[in-house]
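Visitor: Sending over a structure as structure tokens; questions will come in a sec.
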Amino acid sequence: MYRKDGQGYFIVDGHTHFWDGSPANQINRYGEGFIKCFYDYHANLSPAEYKWTLEEFERYPEERMIHDLFEVGYDDLAILQSTYLTDWYVNGFNTTDQNGEMAERHPGRFIVNGRWDPRDGEAGLVKLERLHERWQLKGVKLYTAEWKGDSKGWKLSDPWAYRYLEKCLELGIRNIHVHKGPTVYPMNRDAFDVADVDDAATAFPGLRFIVEHVGLPRLEDFCWIATQEPNVYGGLAVAMPFIHTRPRYFAQIIGELLYWLGENRILFGSDYAIWQPKWLVERFVDFQIPEDMQGEYGVLTPAIKKKILGLNAARLYDVKVPGEFDVPDEPADSGPAIGSAPEPEAATP
Amino acid sequence: MITRGDVWAALSEVRDPELDRPITDLGFVAAVTIGDRIRVELRLPTYFCAPNFAWLMVADARDAVAALPGAGRPDVVLLEHFVSAEINEGVAAVSDFAASFDADGFDPDLASLRAVFERKAHLAAQERLARALRAAGVPADLLPTVRLSEAAALAREAAEAVARRRERAGIRSELAFCDDEGRALTAATMPGWLRFAQTVRVSIDGNAGFCRGLLETRYGLARAAPT
């Protein structure tokens, strides 16, 4: 939790990783290119005092992660997202089992999200059931740009993806985090295109689709589909660190999101270890829309910040928030959004 | 005799279709050398930047330089990208994207992808023009009927930017504001249309800034002023 100016914030970090991107685990130049690409994101958008060396960044000890998230980072809970990338990393970049075993050593700290890949067919469906049995999943993270042999990606609207989404619904895995990446097949299309999320969200109103990094670099397409689909949410990983390097741009992003989606469908995520929750939470709580933009975007109230930093994710993951941190549902401080509110809980299967 | 300045000027006409800026402004031109052949080296902010956009940029740069009188066959290469080899070989052979990526079963041309982003650039430019006109005192309800030539009298730069993008996108209209099909907007449809145009503009500008920052980090360049 974080306290400032008489306000208390319950922090759910919606996007964290415990990865191994070290040279020993890399299979090929793609694995090397991937972690270096992450490192440039880290180095470009982090304040100087939070920058690591590439070596530190490639693989970090569990103790350091616990320290950064919970001892100094204000996280009450962190969601561990699984990213396999087994075509690039010997043991995977971070698998559900690796994440789960670490989480078990720190009870009450982590929510472990699983993962599936529609290209695994029937066998993958069985594997998903086992994964759920073992880790009681409430969510999965899907990486549509993941390579698998000759395939360079897949779409949520693929028939096999629907089979897996049906399985999720059946198992009660309702939170579907979607990460768009740059190399989805076919490569001549816009690889960041979020249109397939639109299809899946319409077909599965009982699931929630959390689009990571709010669809960047296709913020406008993401806002558009989120306006149509009340079960689409935006994860702020990647967007939040602009608060440091380009605060006016960050104000525009958050202003656009509040305009189209409203304050109930935006989720904080540090994307640890790319960025650290300590400075993100501190800066966000201190942040205000610049005065000359307030006519257009309004202001960020403590209630809006509380929802974004934790209450929205807590609601999706059935986490009980101590009463002192909660805010009443109404009125919505950001004013009415163009999109509709999240689906009523009556939609729960 | 072609100079480096000539090559640079030709490259400044090549735009990143997604970011709507010249590749020279974005820092994507790493080196220009004039030897027996003209050689241009291009670079991108990340190893995994989308191959389709990378292809468009390299092919456009090759075409722009080759169009200089006496340029011969320029050597235009993309550095340090996960499909550098495929792109460089394909563009050098004046092949197409699909053949270079063994693209079984998908639309071989990139024209539709480029068209999507040309329309977005046109939309964002119109939003900038609307802002400029409002600042010059034009009432919001008059915007749908303003002609582009009239707009140019009040906000020349913004109007010219719209005209250039409109031409590139192949959209025809005499009005300052029109949709992707060249149709006029009405007092009723304009506000919602403009509001979405604003989101598109924020997105394009933001991506350009982000890409620029990543390029600076990747190649250790001096930082541009933050916005």
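Residue numbering restarts at 1 for every chain of the structure tokens, chains are lettered A, B, ... in their displayed order, and ligands are numbered from 1 as they appear.
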Quick one: contact table of chain B to chain A, 9 Å max, nearest atom pair and distance in Å to one decimal per residue, counting only C-alpha atoms, chain and number order, as a tab-separated table?

Guide:
```
residue	atom	partner	partner_atom	distance
B:Pro45	CA	A:Cys37	CA	9.0
B:Thr46	CA	A:Cys37	CA	6.0
B:Tyr47	CA	A:Gly33	CA	6.1
B:Phe48	CA	A:Pro182	CA	6.5
B:Cys49	CA	A:Pro182	CA	6.3
B:Ala50	CA	A:Pro182	CA	5.2
B:Pro51	CA	A:Met187	CA	6.8
B:Asn52	CA	A:Asn188	CA	5.3
B:Phe53	CA	A:Asn188	CA	8.4
B:His81	CA	A:Gly33	CA	8.8
B:Phe82	CA	A:Tyr30	CA	7.1
B:Phe97	CA	A:Asn188	CA	8.0
B:Ala98	CA	A:Asn188	CA	8.0
B:Phe101	CA	A:Met187	CA	8.4
B:Ala103	CA	A:Pro186	CA	7.6
B:Gly105	CA	A:Pro186	CA	8.9
B:Phe106	CA	A:Pro186	CA	6.8
B:Asp107	CA	A:Asn188	CA	7.7
B:Pro108	CA	A:Asn188	CA	7.7
B:Asp109	CA	A:Asn188	CA	7.7
B:Leu110	CA	A:Asn188	CA	6.2
B:Ser112	CA	A:Arg189	CA	8.7
B:Leu113	CA	A:Arg189	CA	6.4
B:Phe196	CA	A:Glu220	CA	7.5
B:Ala197	CA	A:Glu220	CA	8.7
B:Gln198	CA	A:Glu256	CA	8.9
B:Thr199	CA	A:Glu220	CA	5.5
B:Val200	CA	A:Glu220	CA	5.4
B:Arg201	CA	A:Glu220	CA	8.8
B:Val202	CA	A:Gln252	CA	6.9
B:Ser203	CA	A:Leu219	CA	5.8
B:Ile204	CA	A:Pro217	CA	8.1
B:Asp205	CA	A:Tyr249	CA	8.7
B:Gly206	CA	A:Tyr249	CA	6.5
B:Asn207	CA	A:Pro217	CA	6.1
B:Gly209	CA	A:Arg246	CA	8.8
B:Phe210	CA	A:Phe242	CA	8.9
B:Gly213	CA	A:Asn44	CA	6.5
B:Leu214	CA	A:Asn44	CA	6.1
B:Leu215	CA	A:Asp40	CA	8.7
B:Glu216	CA	A:Asn44	CA	8.1
B:Thr217	CA	A:Asn44	CA	5.7
B:Arg218	CA	A:Asp40	CA	6.2
B:Pro226	CA	A:Arg246	CA	5.8
B:Thr227	CA	A:Arg246	CA	5.4
```

Visitor: Extract, using only C-alpha atoms, all DNA, RNA and protein residues at most 7 Å from range 90-97 of chain A, discarding same-chain residues fewer than 2 positions from it, and format them as a CSV table (one decimal) with N, CA and C atoms, in the first residue's frame.

Guide:
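The new file part.csv reads:
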```
chain,number,residue,atom,x,y,z
A,18,PHE,N,9.0,-12.8,-13.8
A,18,PHE,CA,10.2,-13.3,-13.2
A,18,PHE,C,10.9,-14.2,-14.3
A,19,TRP,N,11.7,-13.5,-15.1
A,19,TRP,CA,12.2,-14.1,-16.3
A,19,TRP,C,13.7,-14.5,-16.2
A,20,ASP,N,14.0,-15.3,-17.2
A,20,ASP,CA,15.4,-15.6,-17.4
A,20,ASP,C,15.7,-15.4,-18.9
A,21,GLY,N,16.3,-14.2,-19.2
A,21,GLY,CA,16.7,-13.9,-20.5
A,21,GLY,C,18.2,-13.9,-20.7
A,25,ASN,N,20.4,-19.1,-21.3
A,25,ASN,CA,19.1,-19.6,-21.6
A,25,ASN,C,18.6,-19.3,-23.1
A,26,GLN,N,19.4,-18.4,-23.7
A,26,GLN,CA,19.0,-18.0,-25.1
A,26,GLN,C,19.3,-19.2,-26.1
A,27,ILE,N,18.4,-19.5,-27.0
A,27,ILE,CA,18.6,-20.5,-28.0
A,27,ILE,C,19.3,-19.9,-29.3
A,82,SER,N,2.8,-15.2,-17.4
A,82,SER,CA,3.7,-16.2,-18.0
A,82,SER,C,4.0,-15.9,-19.4
A,83,THR,N,5.2,-16.0,-19.8
A,83,THR,CA,5.6,-15.7,-21.2
A,83,THR,C,6.6,-16.8,-21.6
A,84,TYR,N,6.2,-17.8,-22.4
A,84,TYR,CA,7.0,-19.0,-22.6
A,84,TYR,C,8.1,-18.8,-23.6
A,85,LEU,N,7.8,-18.4,-24.9
A,85,LEU,CA,8.8,-18.1,-25.9
A,85,LEU,C,9.9,-19.3,-26.0
A,86,THR,N,9.4,-20.5,-26.0
A,86,THR,CA,10.2,-21.6,-26.0
A,86,THR,C,11.0,-21.9,-27.3
A,88,TRP,N,12.8,-19.5,-28.4
A,88,TRP,CA,13.9,-18.6,-28.2
A,88,TRP,C,14.7,-18.9,-27.0
A,99,ASN,N,6.9,-19.6,-12.4
A,99,ASN,CA,6.3,-18.5,-11.7
A,99,ASN,C,5.6,-19.0,-10.4
A,100,GLY,N,4.9,-20.1,-10.6
A,100,GLY,CA,4.1,-20.7,-9.5
A,100,GLY,C,4.9,-21.1,-8.4
A,101,GLU,N,6.1,-21.8,-8.7
A,101,GLU,CA,6.9,-22.3,-7.6
A,101,GLU,C,7.5,-21.1,-6.8
A,113,ASN,N,-0.7,-16.2,-13.3
A,113,ASN,CA,-1.5,-16.4,-14.5
A,113,ASN,C,-0.9,-17.4,-15.4
A,114,GLY,N,-1.7,-18.2,-16.0
A,114,GLY,CA,-1.2,-19.2,-16.9
A,114,GLY,C,-1.1,-18.7,-18.3
```

Visitor: If you measure from CA of Phe325 in chain A to CA of Lys306 in chain A, what distance in Å do you get, rounded to one decimal?

Guide: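 Taking CA of Phe325 in chain A as the start and CA of Lys306 in chain A as the end point, the length is 7.8 Å.
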
Visitor: Would you please extract all alpha helix (DSSP H) residues from range 106-244 of chain A, as assigned by DSSP on the backbone, and give them as number ranges by chain?

Guide: A: 121-135, 159-171, 195-203, 219-228, 242-244

Visitor: With distances taken over only C-alpha atoms, which of B:Ala93, B:Val29, B:Val83, B:Ala71 is nearest to Ala59 in chain B?

Guide: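 Closest candidate: B:Ala93.
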
Visitor: Residues within 7 Å of Val76 in chain B, please, as a list of chain:residue names. Count only C-alpha atoms; anything in the same chain fewer than 5 positions from it doesn't count.

Guide: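 Here the answer would be B:Arg39, B:Val40, B:Glu41, B:Val58, B:Arg62.
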
Visitor: Using only C-alpha atoms, find the one residue out of B:Cys178, B:Leu42, B:Ala169, B:Ala92 that sits nearest to Leu143 in chain B.

Guide: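 Ranking B:Cys178, B:Leu42, B:Ala169, B:Ala92 by distance to Leu143 in chain B, first place goes to B:Cys178.
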